[in-house]
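The next block is protein.cif, given as mmCIF, C-alpha atoms (C1' of nucleotides).
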```
data_model
#
loop_
_atom_site.label_atom_id
_atom_site.label_comp_id
_atom_site.auth_asym_id
_atom_site.auth_seq_id
_atom_site.Cartn_x
_atom_site.Cartn_y
_atom_site.Cartn_z
CA MET R 19 -14.73 -7.76 -46.95
CA GLY R 20 -11.23 -6.56 -46.24
CA ARG R 21 -8.79 -8.07 -43.81
CA PRO R 22 -10.39 -9.35 -40.59
CA SER R 23 -9.78 -7.20 -37.58
CA ILE R 24 -7.87 -8.52 -34.60
CA LYS R 25 -8.22 -5.27 -32.76
CA ALA R 26 -9.93 -6.84 -29.77
CA GLU R 27 -7.18 -9.38 -29.14
CA ARG R 28 -4.32 -7.01 -29.85
CA THR R 29 -5.84 -4.44 -27.53
CA GLN R 30 -5.87 -6.98 -24.72
CA GLU R 31 -2.30 -8.04 -25.48
CA ILE R 32 -1.16 -4.45 -25.37
CA LEU R 33 -2.95 -3.78 -22.11
CA ASP R 34 -1.46 -6.96 -20.65
CA ALA R 35 1.99 -5.71 -21.55
CA TYR R 36 1.17 -2.28 -20.21
CA GLU R 37 0.03 -3.79 -16.93
CA ARG R 38 3.26 -5.73 -16.60
CA CYS R 39 5.23 -2.57 -17.26
CA VAL R 40 3.18 -0.60 -14.76
CA SER R 41 3.87 -3.15 -12.06
CA ARG R 42 7.58 -2.84 -12.82
CA PHE R 43 8.10 0.82 -13.67
CA GLY R 44 4.95 2.58 -12.52
CA VAL R 45 2.67 4.56 -14.80
CA GLU R 46 5.02 7.44 -15.54
CA GLY R 47 7.93 5.08 -16.00
CA SER R 48 6.15 2.97 -18.61
CA THR R 49 7.21 4.45 -21.91
CA LEU R 50 5.55 3.50 -25.17
CA GLU R 51 8.82 1.93 -26.22
CA LYS R 52 8.92 -0.36 -23.21
CA ILE R 53 5.28 -1.32 -23.57
CA ALA R 54 5.74 -2.07 -27.25
CA GLU R 55 8.79 -4.21 -26.56
CA GLU R 56 6.98 -6.02 -23.77
CA ALA R 57 4.08 -6.70 -26.14
CA GLY R 58 6.39 -7.77 -28.95
CA LEU R 59 5.03 -5.05 -31.20
CA ARG R 60 6.18 -1.82 -32.79
CA ARG R 61 5.35 1.41 -31.10
CA SER R 62 3.34 2.38 -34.14
CA SER R 63 1.02 -0.52 -33.47
CA LEU R 64 0.17 0.75 -30.02
CA ARG R 65 -0.87 3.99 -31.61
CA HIS R 66 -2.85 2.13 -34.26
CA TYR R 67 -4.84 0.01 -31.83
CA ILE R 68 -5.34 2.26 -28.85
CA GLY R 69 -3.86 5.70 -29.29
CA ASN R 70 -1.44 7.85 -27.39
CA LYS R 71 -0.23 7.63 -23.82
CA ASP R 72 -3.35 9.10 -22.26
CA ASP R 73 -5.63 6.83 -24.26
CA LEU R 74 -3.59 3.86 -23.08
CA LEU R 75 -3.89 4.87 -19.44
CA GLU R 76 -7.62 5.39 -19.70
CA ALA R 77 -8.03 1.99 -21.33
CA LEU R 78 -5.86 0.37 -18.68
CA VAL R 79 -7.80 1.83 -15.78
CA THR R 80 -11.12 0.89 -17.33
CA ARG R 81 -10.00 -2.67 -17.90
CA PHE R 82 -8.38 -2.90 -14.49
CA ILE R 83 -11.65 -2.07 -12.81
CA THR R 84 -13.71 -4.29 -15.07
CA LYS R 85 -11.41 -7.24 -14.57
CA SER R 86 -11.29 -6.61 -10.86
CA ARG R 87 -15.09 -6.69 -10.74
CA GLN R 88 -15.13 -10.02 -12.52
CA SER R 89 -12.49 -11.67 -10.40
CA THR R 90 -14.14 -10.31 -7.29
CA GLU R 91 -17.37 -11.87 -8.48
CA GLU R 92 -15.60 -15.20 -8.88
CA LEU R 93 -13.88 -14.99 -5.56
CA MET R 94 -17.13 -14.05 -3.86
CA SER R 95 -18.87 -17.05 -5.31
CA CYS R 96 -16.23 -19.21 -3.62
CA LEU R 97 -17.28 -17.74 -0.31
CA THR R 98 -20.31 -19.86 0.41
CA ALA R 99 -22.89 -19.40 3.13
CA GLY R 100 -22.13 -21.55 6.13
CA MET R 101 -18.39 -21.17 5.61
CA ASP R 102 -16.34 -20.75 8.73
CA ALA R 103 -13.89 -17.90 9.32
CA ALA R 104 -10.78 -20.02 8.93
CA SER R 105 -11.65 -21.33 5.50
CA LEU R 106 -12.77 -17.87 4.43
CA VAL R 107 -9.36 -16.43 5.18
CA GLU R 108 -7.70 -19.47 3.69
CA THR R 109 -9.60 -18.94 0.46
CA LEU R 110 -8.86 -15.23 0.33
CA PHE R 111 -5.17 -15.50 1.07
CA ASP R 112 -4.61 -18.56 -1.08
CA GLU R 113 -1.33 -17.75 -2.79
CA SER R 114 -1.91 -19.98 -5.78
CA SER R 115 -5.13 -18.34 -6.92
CA ARG R 116 -4.35 -14.71 -6.33
CA ASP R 117 -3.42 -12.19 -8.95
CA GLN R 118 0.21 -11.47 -8.15
CA SER R 119 0.24 -8.02 -9.66
CA LEU R 120 -3.13 -6.72 -8.47
CA ALA R 121 -1.82 -4.79 -5.50
CA LEU R 122 1.26 -3.63 -7.38
CA VAL R 123 -0.78 -2.24 -10.24
CA ALA R 124 -3.24 -0.71 -7.80
CA GLY R 125 -0.34 0.92 -5.97
CA ALA R 126 1.07 2.35 -9.15
CA LEU R 127 -2.35 3.63 -10.19
CA ILE R 128 -2.81 5.31 -6.83
CA VAL R 129 0.43 7.20 -7.37
CA ALA R 130 -0.75 8.12 -10.85
CA GLY R 131 -4.00 9.31 -9.31
CA THR R 132 -2.19 12.33 -7.90
CA GLU R 133 -1.64 13.55 -11.46
CA TYR R 134 -4.71 12.18 -13.22
CA PRO R 135 -7.96 13.19 -11.50
CA ASP R 136 -10.00 10.74 -13.58
CA VAL R 137 -7.85 7.88 -12.42
CA ALA R 138 -8.24 9.00 -8.82
CA ALA R 139 -12.01 9.16 -9.13
CA SER R 140 -12.18 5.71 -10.71
CA LEU R 141 -10.04 4.22 -7.95
CA ILE R 142 -12.14 5.68 -5.17
CA THR R 143 -15.29 4.28 -6.74
CA TRP R 144 -13.53 0.98 -7.19
CA ILE R 145 -12.34 0.55 -3.61
CA ASP R 146 -15.74 1.51 -2.24
CA GLU R 147 -17.41 -1.03 -4.51
CA PHE R 148 -14.89 -3.64 -3.53
CA ASN R 149 -15.48 -3.06 0.15
CA ASP R 150 -19.26 -2.98 -0.12
CA GLY R 151 -19.34 -6.12 -2.24
CA PHE R 152 -17.19 -8.02 0.19
CA ALA R 153 -19.23 -6.77 3.13
CA LYS R 154 -22.44 -8.03 1.57
CA ARG R 155 -20.87 -11.40 1.04
CA LEU R 156 -19.78 -11.56 4.65
CA ARG R 157 -23.35 -10.74 5.63
CA LYS R 158 -24.57 -13.76 3.71
CA ILE R 159 -22.17 -15.98 5.59
CA TRP R 160 -23.03 -14.46 8.95
CA PRO R 161 -26.60 -13.19 8.56
CA GLN R 162 -26.95 -12.67 12.29
CA CYS R 163 -24.33 -9.88 12.18
CA LYS R 164 -25.11 -6.25 11.59
CA LEU R 165 -24.28 -4.95 8.13
CA ARG R 166 -22.17 -2.23 9.75
CA ASP R 167 -19.97 -4.82 11.43
CA CYS R 168 -19.58 -6.68 8.19
CA GLN R 169 -18.51 -3.49 6.46
CA ILE R 170 -15.90 -2.79 9.08
CA VAL R 171 -14.49 -6.29 8.97
CA ALA R 172 -14.54 -6.30 5.18
CA THR R 173 -12.58 -3.06 4.99
CA GLY R 174 -10.11 -4.35 7.56
CA ILE R 175 -9.48 -7.62 5.80
CA ILE R 176 -9.11 -5.96 2.42
CA GLY R 177 -6.65 -3.43 3.82
CA ILE R 178 -4.56 -6.17 5.35
CA TYR R 179 -4.74 -8.14 2.12
CA PHE R 180 -3.61 -5.28 -0.09
CA ASN R 181 -0.78 -4.45 2.22
CA VAL R 182 0.67 -7.94 2.32
CA GLU R 183 0.10 -8.36 -1.40
CA SER R 184 2.17 -5.25 -2.10
CA PHE R 185 5.06 -6.32 0.05
CA SER R 186 5.08 -9.93 -1.03
CA SER R 187 5.96 -8.78 -4.53
CA LEU R 188 9.31 -7.77 -3.05
CA GLY R 189 10.39 -11.25 -2.16
CA SER R 190 10.19 -13.53 0.82
CA THR R 191 7.85 -12.15 3.43
CA GLU R 192 6.79 -15.25 5.36
CA LYS R 193 6.55 -13.44 8.65
CA LEU R 194 4.37 -10.73 7.22
CA ASN R 195 2.27 -13.28 5.37
CA LYS R 196 1.59 -15.40 8.38
CA ARG R 197 0.78 -12.50 10.64
CA SER R 198 -1.43 -10.81 8.08
CA LYS R 199 -3.41 -13.96 7.59
CA ASP R 200 -3.83 -14.37 11.34
CA ALA R 201 -4.89 -10.76 11.70
CA ALA R 202 -7.50 -11.20 9.00
CA LEU R 203 -8.67 -14.36 10.71
CA ARG R 204 -8.97 -12.50 13.99
CA LEU R 205 -11.23 -9.98 12.31
CA ALA R 206 -13.30 -12.64 10.62
CA LEU R 207 -13.69 -14.55 13.87
CA SER R 208 -15.05 -11.43 15.50
CA LEU R 209 -18.14 -11.89 13.33
CA SER R 210 -18.99 -15.37 14.44
CA MET I 11 38.97 27.93 5.35
CA GLY I 12 37.27 28.41 2.04
CA ARG I 13 33.59 28.87 1.46
CA PRO I 14 31.43 27.17 4.09
CA SER I 15 29.65 24.06 2.90
CA ILE I 16 25.88 23.86 2.89
CA LYS I 17 25.93 20.36 1.54
CA ALA I 18 23.95 18.94 4.43
CA GLU I 19 21.04 21.36 4.03
CA ARG I 20 21.00 21.23 0.25
CA THR I 21 21.05 17.46 0.33
CA GLN I 22 17.97 17.46 2.51
CA GLU I 23 16.23 19.99 0.28
CA ILE I 24 16.95 17.89 -2.76
CA LEU I 25 15.71 14.73 -1.11
CA ASP I 26 12.58 16.57 0.02
CA ALA I 27 11.92 17.57 -3.56
CA TYR I 28 12.68 14.07 -4.76
CA GLU I 29 10.22 12.66 -2.25
CA ARG I 30 7.51 15.01 -3.45
CA CYS I 31 8.21 13.99 -7.03
CA VAL I 32 8.15 10.32 -6.15
CA SER I 33 4.77 10.66 -4.52
CA ARG I 34 3.49 12.32 -7.70
CA PHE I 35 5.28 10.52 -10.52
CA GLY I 36 6.76 7.42 -8.96
CA VAL I 37 10.44 6.58 -8.93
CA GLU I 38 10.87 5.95 -12.65
CA GLY I 39 8.77 8.97 -13.50
CA SER I 40 10.86 11.35 -11.41
CA THR I 41 13.40 12.76 -13.84
CA LEU I 42 16.35 14.82 -12.70
CA GLU I 43 14.80 17.80 -14.47
CA LYS I 44 11.59 17.53 -12.47
CA ILE I 45 13.41 17.04 -9.19
CA ALA I 46 15.66 20.01 -9.88
CA GLU I 47 12.69 22.20 -10.75
CA GLU I 48 10.83 21.04 -7.66
CA ALA I 49 13.88 21.87 -5.55
CA GLY I 50 14.36 25.22 -7.26
CA LEU I 51 17.84 24.25 -8.37
CA ARG I 52 19.68 23.45 -11.55
CA ARG I 53 20.11 19.88 -12.54
CA SER I 54 23.87 20.35 -12.25
CA SER I 55 23.44 21.03 -8.55
CA LEU I 56 21.80 17.69 -7.96
CA ARG I 57 24.80 16.07 -9.48
CA HIS I 58 27.11 18.23 -7.42
CA TYR I 59 25.48 17.46 -4.08
CA ILE I 60 24.39 13.86 -4.43
CA GLY I 61 25.29 12.35 -7.76
CA ASN I 62 23.42 10.59 -10.51
CA LYS I 63 20.00 8.98 -10.54
CA ASP I 64 21.04 5.82 -8.74
CA ASP I 65 22.86 7.76 -6.04
CA LEU I 66 19.74 9.83 -5.51
CA LEU I 67 17.54 6.77 -5.13
CA GLU I 68 19.91 5.15 -2.67
CA ALA I 69 20.03 8.34 -0.61
CA LEU I 70 16.25 8.63 -0.70
CA VAL I 71 15.66 5.09 0.49
CA THR I 72 18.21 5.43 3.26
CA ARG I 73 16.67 8.65 4.47
CA PHE I 74 13.15 7.31 4.13
CA ILE I 75 13.92 4.44 6.44
CA THR I 76 15.88 6.58 8.89
CA LYS I 77 13.11 9.16 9.06
CA SER I 78 10.51 6.46 9.39
CA ARG I 79 12.41 4.98 12.32
CA GLN I 80 12.49 8.35 14.04
CA SER I 81 8.84 9.19 13.53
CA THR I 82 7.90 5.68 14.59
CA GLU I 83 9.90 6.24 17.73
CA GLU I 84 8.02 9.47 18.39
CA LEU I 85 4.66 7.90 17.67
CA MET I 86 5.46 4.96 19.89
CA SER I 87 6.33 7.24 22.77
CA CYS I 88 2.82 8.67 22.48
CA LEU I 89 1.42 5.21 23.07
CA THR I 90 1.69 5.04 26.83
CA ALA I 91 1.15 2.05 29.06
CA GLY I 92 -2.34 1.95 30.47
CA MET I 93 -3.76 3.45 27.30
CA ASP I 94 -7.06 2.02 26.13
CA ALA I 95 -7.72 0.66 22.65
CA ALA I 96 -9.87 3.57 21.52
CA SER I 97 -7.32 6.26 22.25
CA LEU I 98 -4.59 4.12 20.74
CA VAL I 99 -6.40 3.98 17.43
CA GLU I 100 -7.33 7.62 17.72
CA THR I 101 -3.67 8.54 18.15
CA LEU I 102 -2.54 6.37 15.27
CA PHE I 103 -5.15 7.50 12.80
CA ASP I 104 -4.99 11.15 13.80
CA GLU I 105 -5.11 12.92 10.45
CA SER I 106 -3.41 16.08 11.64
CA SER I 107 -0.23 14.42 12.82
CA ARG I 108 0.32 11.89 10.11
CA ASP I 109 2.80 12.14 7.30
CA GLN I 110 0.56 12.58 4.28
CA SER I 111 2.97 11.12 1.80
CA LEU I 112 4.37 8.20 3.78
CA ALA I 113 2.17 5.54 2.24
CA LEU I 114 2.42 7.10 -1.20
CA VAL I 115 6.20 7.12 -1.13
CA ALA I 116 6.24 3.64 0.31
CA GLY I 117 3.94 2.49 -2.50
CA ALA I 118 6.17 4.02 -5.13
CA LEU I 119 9.25 2.47 -3.56
CA ILE I 120 7.59 -0.94 -3.52
CA VAL I 121 7.02 -0.66 -7.25
CA ALA I 122 10.63 0.41 -7.68
CA GLY I 123 11.63 -2.61 -5.62
CA THR I 124 10.77 -4.86 -8.56
CA GLU I 125 13.65 -3.29 -10.49
CA TYR I 126 16.08 -2.42 -7.70
CA PRO I 127 16.90 -5.42 -5.49
CA ASP I 128 18.61 -3.25 -2.88
CA VAL I 129 15.47 -1.17 -2.49
CA ALA I 130 13.40 -4.32 -2.11
CA ALA I 131 15.69 -5.68 0.58
CA SER I 132 15.63 -2.42 2.49
CA LEU I 133 11.85 -2.28 2.39
CA ILE I 134 11.41 -5.81 3.67
CA THR I 135 13.72 -5.08 6.57
CA TRP I 136 11.86 -1.87 7.20
CA ILE I 137 8.35 -3.33 7.32
CA ASP I 138 9.48 -6.16 9.59
CA GLU I 139 11.11 -3.66 11.92
CA PHE I 140 8.02 -1.51 11.86
CA ASN I 141 5.77 -4.42 12.73
CA ASP I 142 8.01 -5.75 15.48
CA GLY I 143 8.44 -2.33 17.03
CA PHE I 144 4.73 -1.71 17.10
CA ALA I 145 4.07 -5.18 18.48
CA LYS I 146 6.47 -4.60 21.36
CA ARG I 147 4.74 -1.36 22.14
CA LEU I 148 1.37 -3.07 22.19
CA ARG I 149 2.82 -5.60 24.56
CA LYS I 150 3.77 -2.83 26.97
CA ILE I 151 0.22 -1.55 26.92
CA TRP I 152 -1.29 -5.01 27.35
CA PRO I 153 1.37 -7.04 29.17
CA GLN I 154 -1.06 -9.83 29.89
CA CYS I 155 -1.28 -10.63 26.18
CA LYS I 156 0.98 -13.06 24.38
CA LEU I 157 3.66 -11.49 22.22
CA ARG I 158 2.38 -13.52 19.31
CA ASP I 159 -1.06 -11.94 19.58
CA CYS I 160 0.46 -8.50 19.76
CA GLN I 161 2.44 -9.20 16.62
CA ILE I 162 -0.65 -10.29 14.77
CA VAL I 163 -2.67 -7.29 15.84
CA ALA I 164 0.22 -4.95 15.07
CA THR I 165 0.58 -6.29 11.55
CA GLY I 166 -3.16 -6.04 11.03
CA ILE I 167 -3.42 -2.47 12.20
CA ILE I 168 -0.42 -1.37 10.17
CA GLY I 169 -1.81 -3.02 7.05
CA ILE I 170 -5.13 -1.28 7.48
CA TYR I 171 -3.34 1.98 8.16
CA PHE I 172 -1.15 1.84 5.06
CA ASN I 173 -4.09 0.93 2.90
CA VAL I 174 -6.28 3.82 3.98
CA GLU I 175 -3.32 6.19 3.87
CA SER I 176 -2.68 5.29 0.25
CA PHE I 177 -6.24 5.81 -0.84
CA SER I 178 -6.81 8.96 1.16
CA SER I 179 -4.19 10.67 -0.96
CA LEU I 180 -6.68 10.35 -3.82
CA GLY I 181 -9.28 12.61 -2.28
CA SER I 182 -12.32 12.24 -0.11
CA THR I 183 -12.53 8.78 1.38
CA GLU I 184 -14.62 9.30 4.49
CA LYS I 185 -16.29 5.92 4.25
CA LEU I 186 -13.01 4.11 3.94
CA ASN I 187 -11.48 6.20 6.71
CA LYS I 188 -14.22 5.53 9.19
CA ARG I 189 -14.39 1.84 8.49
CA SER I 190 -10.64 1.41 8.58
CA LYS I 191 -10.43 3.10 11.93
CA ASP I 192 -13.21 0.91 13.28
CA ALA I 193 -11.53 -2.20 11.93
CA ALA I 194 -8.28 -1.23 13.60
CA LEU I 195 -10.17 -0.59 16.81
CA ARG I 196 -11.77 -3.99 16.58
CA LEU I 197 -8.33 -5.57 16.36
CA ALA I 198 -6.98 -3.49 19.23
CA LEU I 199 -9.98 -4.35 21.38
CA SER I 200 -9.30 -8.02 20.84
CA LEU I 201 -6.20 -7.58 22.99
CA SER I 202 -7.94 -6.22 26.04
"C1'" DT S 7 44.45 41.28 -1.28
"C1'" DA S 8 45.63 36.55 -2.57
"C1'" DT S 9 44.22 32.01 -1.81
"C1'" DT S 10 41.30 28.34 -1.04
"C1'" DT S 11 37.17 25.92 -0.96
"C1'" DT S 12 32.72 25.38 -2.23
"C1'" DA S 13 28.51 26.96 -4.57
"C1'" DT S 14 26.42 27.76 -8.82
"C1'" DT S 15 25.78 27.98 -13.63
"C1'" DG S 16 26.65 26.61 -18.33
"C1'" DT S 17 27.47 23.68 -22.26
"C1'" DC S 18 27.60 19.63 -25.16
"C1'" DA S 19 27.10 15.14 -27.19
"C1'" DG S 20 24.52 11.04 -27.13
"C1'" DT S 21 20.37 8.79 -26.35
"C1'" DA S 22 15.41 8.21 -25.47
"C1'" DT S 23 10.74 9.47 -26.15
"C1'" DT S 24 6.85 11.17 -28.48
"C1'" DG S 25 3.33 12.41 -31.97
"C1'" DA S 26 2.25 12.53 -36.61
"C1'" DC S 27 2.10 10.77 -40.91
"C1'" DA S 28 3.46 7.89 -45.01
"C1'" DA S 29 4.22 3.49 -47.04
"C1'" DT S 30 3.84 -1.29 -47.44
"C1'" DT S 31 1.97 -5.83 -46.59
"C1'" DT S 32 -1.60 -9.06 -45.65
"C1'" DA S 33 -5.96 -11.51 -45.73
"C1'" DG S 34 -10.31 -11.73 -46.96
"C1'" DT S 35 -14.41 -10.87 -50.73
"C1'" DG S 36 -16.65 -10.64 -55.26
"C1'" DC A 22 -7.47 -11.43 -60.32
"C1'" DA A 23 -8.99 -6.79 -58.62
"C1'" DC A 24 -10.56 -4.55 -54.61
"C1'" DT A 25 -10.87 -3.36 -49.88
"C1'" DA A 26 -10.07 -2.85 -45.11
"C1'" DA A 27 -7.05 -3.61 -41.80
"C1'" DA A 28 -2.44 -4.96 -40.14
"C1'" DT A 29 2.20 -3.76 -39.96
"C1'" DT A 30 6.30 -1.24 -40.68
"C1'" DG A 31 8.96 2.89 -41.52
"C1'" DT A 32 10.39 7.63 -41.16
"C1'" DC A 33 10.87 12.30 -39.34
"C1'" DA A 34 11.12 16.33 -36.56
"C1'" DA A 35 10.72 18.12 -32.04
"C1'" DT A 36 11.52 17.60 -27.47
"C1'" DA A 37 13.19 15.54 -23.07
"C1'" DC A 38 16.71 13.29 -20.46
"C1'" DT A 39 21.27 11.99 -19.00
"C1'" DG A 40 26.19 12.03 -17.87
"C1'" DA A 41 30.29 14.43 -18.11
"C1'" DC A 42 32.91 18.22 -17.83
"C1'" DA A 43 34.11 23.25 -17.98
"C1'" DA A 44 33.63 27.78 -16.22
"C1'" DT A 45 32.30 31.33 -13.17
"C1'" DA A 46 30.87 33.35 -8.69
"C1'" DA A 47 30.89 33.67 -3.76
"C1'" DA A 48 32.47 33.36 0.97
"C1'" DA A 49 35.74 32.39 4.16
"C1'" DT A 50 40.89 32.74 5.92
"C1'" DA A 51 45.77 34.23 6.11
#
```

Before anything else, please render the file you have as structure tokens.
Amino acid sequence: MGRPSIKAERTQEILDAYERCVSRFGVEGSTLEKIAEEAGLRRSSLRHYIGNKDDLLEALVTRFITKSRQSTEELMSCLTAGMDAASLVETLFDESSRDQSLALVAGALIVAGTEYPDVAASLITWIDEFNDGFAKRLRKIWPQCKLRDCQIVATGIIGIYFNVESFSSLGSTEKLNKRSKDAALRLALSLS
Amino acid sequence: MGRPSIKAERTQEILDAYERCVSRFGVEGSTLEKIAEEAGLRRSSLRHYIGNKDDLLEALVTRFITKSRQSTEELMSCLTAGMDAASLVETLFDESSRDQSLALVAGALIVAGTEYPDVAASLITWIDEFNDGFAKRLRKIWPQCKLRDCQIVATGIIGIYFNVESFSSLGSTEKLNKRSKDAALRLALSLS
DNA sequence: TATTTTATTGTCAGTATTGACAATTTAGTG
DNA sequence: CACTAAATTGTCAATACTGACAATAAAATA
């Protein structure tokens, strides 16, 4: 009875808009007005579906980590045993498949972490998870390597990836792109 | 004649405060009020010494890049020919000497770059310069290596460095620190 | 001391932002 | 149609932020 709820969808739409704003203005620069406009809704609706500013941020961080886990899962499943280093790097740095705003949002959240301890804690857990997950996957591809070496290489490649991802949102960064990819490859090759 | 000007000092103080704010709230989140409070001045003084919001940002970016060039210069002079890979990485990742907020400010500026084209352009120039400068220095340490390889390793190490720097501002990240350092070492070793 | 130059503070109007709540509209169900 | 639950819109007061300008105070020199 009553009108059917579209809370789930609207919530996602709002968080999508919030994420776009965060990658443009940062967390503190994303006002409710801007988010509402970006979502094509009234500010009152944001309040109705999620709550105030803090509630929004908490929801965003939670979803960011959840989504990141999923897409990592997907990406990892593309990294098949028996793969060689070159195609691994190629898959990872494939510009068409990557989430353009991942690093930008992560960067903005890191800044926000200095003011919101909960955000900081979530991000630390997240990056550790990310690194460990990727390391395990590398281990499956190169089972003869020590786990420790895989962890080191995983952390290195992810660092390089995040860095180039951040900068490439600024415009043309071919030089940086090419070199980053080659650096990642160099690390990956050190496992085989 | 007339009262002596302290514009130079005040300008630096204001930009210091601005930088601290940016690393906490991001560019869009740093209001003139907050900056003034952080600097221990009235908002009117900011206007007097530098100007409005846009003037402040321009001044900040300019100084950020200038300062970065200087400290890079210093760091580079610590990297002496004949140095081995281990001490190179040790010097670079030395926690006591590094500018805690460099990566955080850089991250915030990158986000701001999506809204301010001039900032974006400056940052791209900056990172390319940074990479090239470091690559040249690596070449001096390992003259037998190809410049191209030095460039790749330089970009890799810098990427890893920025990444861990960003996250370490969030709190305890020993795991990430250790692994990042080892990954950088692995890259450096690949040159010798 | 008078003058000059700069520092420093103050004020004001216009706009933006936020949280809270009220009111209205819409889409299902019995 | 009457009812209900949710969507959607509207309003309001309090506060924050900005740009512009005015006014005062302080430190040097002649």

Q: Name the residues within 12 Å of (0.3, -20.6, 0.1), counting only C-alpha atoms (C1' of nucleotides) in the file's coordinates, and put them as a PyMOL selection string.
A: chain R and resi 107-116+186+191-192+195-196+199

(Q) Residue by residue, what does the PyMOL selection byres ((chain A) within 10 of (chain R)) grab here? Present the result as JSON, numbers by chain. (A) {"A": [24, 25, 26, 27, 28, 29, 30, 31]}

Could you give me, as a tab-separated table, every chain I residue with an atom at most 8 Å from chain R, plus its closest atom pair and distance in Å to one decimal, counting only C-alpha atoms, rows ordered by chain then number?
```
residue	atom	partner	partner_atom	distance
I:Ser33	CA	R:Val129	CA	6.2
I:Arg34	CA	R:Thr132	CA	5.7
I:Phe35	CA	R:Glu46	CA	5.9
I:Gly36	CA	R:Gly44	CA	6.3
I:Val37	CA	R:Gly47	CA	7.7
I:Glu38	CA	R:Gly47	CA	4.5
I:Gly39	CA	R:Glu46	CA	4.5
I:Leu114	CA	R:Val129	CA	6.5
I:Gly117	CA	R:Gly125	CA	5.7
I:Ala118	CA	R:Ala126	CA	6.7
I:Ile120	CA	R:Phe185	CA	6.9
I:Val121	CA	R:Arg42	CA	6.0
I:Ala122	CA	R:Phe43	CA	6.5
I:Gly123	CA	R:Leu188	CA	6.2
I:Thr124	CA	R:Arg42	CA	5.7
I:Glu125	CA	R:Arg42	CA	6.5
I:Ala130	CA	R:Leu188	CA	5.4
I:Ala131	CA	R:Leu188	CA	7.6
I:Ile134	CA	R:Thr191	CA	7.3
I:Asp138	CA	R:Leu194	CA	7.3
I:Gln161	CA	R:Arg197	CA	7.0
I:Ile162	CA	R:Arg197	CA	4.9
I:Val163	CA	R:Ala201	CA	5.8
I:Thr165	CA	R:Ser198	CA	6.0
I:Gly166	CA	R:Ala201	CA	5.1
I:Ile167	CA	R:Ile178	CA	7.9
I:Ile168	CA	R:Ile178	CA	8.0
I:Gly169	CA	R:Ile178	CA	4.5
I:Ile170	CA	R:Gly177	CA	4.5
I:Tyr171	CA	R:Gly177	CA	7.7
I:Phe172	CA	R:Asn181	CA	6.9
I:Asn173	CA	R:Gly177	CA	5.1
I:Val174	CA	R:Gly177	CA	7.3
I:Ser176	CA	R:Ile128	CA	7.1
I:Phe177	CA	R:Ile128	CA	6.9
I:Ser179	CA	R:Thr132	CA	7.4
I:Leu180	CA	R:Ala138	CA	5.4
I:Gly181	CA	R:Ala138	CA	7.5
I:Thr183	CA	R:Ile142	CA	7.3
I:Lys185	CA	R:Asp146	CA	7.9
I:Leu186	CA	R:Asp146	CA	7.2
I:Arg189	CA	R:Ile170	CA	4.9
I:Ser190	CA	R:Gly174	CA	5.9
I:Asp192	CA	R:Ile170	CA	6.2
I:Ala193	CA	R:Gly174	CA	5.1
I:Ala194	CA	R:Gly174	CA	7.0
I:Arg196	CA	R:Leu205	CA	7.4
I:Leu197	CA	R:Leu205	CA	6.7
```

Q: Taking the file as shown, find all residues satisfying the PyMOL selection byres ((chain R and resi 93) around 10) and write them as a ChimeraX atom specification.
A: /R:87-92,94-97,109-110,115-116,152

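The interatomic distance for the pair CA of Gly61 (chain I) and CA of Ile24 (chain I) works out to 11.2 Å.
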
Hey, could you make a per-residue contact list for chain S against chain R with 12 Å as the cut-off, showing the nearest pair of atoms and its distance in Å to one decimal, counting all atoms listed in the file, sorted by chain and number, as CSV?
```
residue,atom,partner,partner_atom,distance
S:DA22,C1',R:Glu51,CA,9.1
S:DT23,C1',R:Thr49,CA,7.5
S:DT24,C1',R:Leu50,CA,8.5
S:DG25,C1',R:Asn70,CA,8.0
S:DA26,C1',R:Arg65,CA,10.4
S:DC27,C1',R:Ser62,CA,10.9
S:DT31,C1',R:Arg21,CA,11.3
S:DT32,C1',R:Arg21,CA,7.5
S:DA33,C1',R:Arg21,CA,4.9
S:DG34,C1',R:Arg21,CA,5.1
S:DT35,C1',R:Met19,CA,4.9
S:DG36,C1',R:Met19,CA,9.0
```

Please evaluate the PyMOL selection byres ((chain A and resi 42) around 12) against the displayed coordinates and give the resulting residues as a PDB file with C-alpha atoms (C1' of nucleotides), in the frame of the given file.
```
ATOM      1  CA  SER I  54      23.870  20.350 -12.250  1.00  0.00           C
ATOM      2  CA  ARG I  57      24.800  16.070  -9.480  1.00  0.00           C
ATOM      3  CA  HIS I  58      27.110  18.230  -7.420  1.00  0.00           C
TER       4      HIS I  58
ATOM      5  C1'  DG S  16      26.650  26.610 -18.330  1.00  0.00           C
ATOM      6  C1'  DT S  17      27.470  23.680 -22.260  1.00  0.00           C
ATOM      7  C1'  DC S  18      27.600  19.630 -25.160  1.00  0.00           C
ATOM      8  C1'  DA S  19      27.100  15.140 -27.190  1.00  0.00           C
TER       9       DA S  19
ATOM     10  C1'  DG A  40      26.190  12.030 -17.870  1.00  0.00           C
ATOM     11  C1'  DA A  41      30.290  14.430 -18.110  1.00  0.00           C
ATOM     12  C1'  DA A  43      34.110  23.250 -17.980  1.00  0.00           C
ATOM     13  C1'  DA A  44      33.630  27.780 -16.220  1.00  0.00           C
TER      14       DA A  44
END
```

Cut-off 10 Å: closest chain A/region 11-14 of chain S atom pairs per residue, using all atoms listed in the file, as CSV:
```
residue,atom,partner,partner_atom,distance
A:DT45,C1',S:DT14,C1',8.1
A:DA46,C1',S:DT14,C1',7.1
A:DA47,C1',S:DA13,C1',7.2
A:DA48,C1',S:DT12,C1',8.6
A:DA49,C1',S:DT11,C1',8.4
```
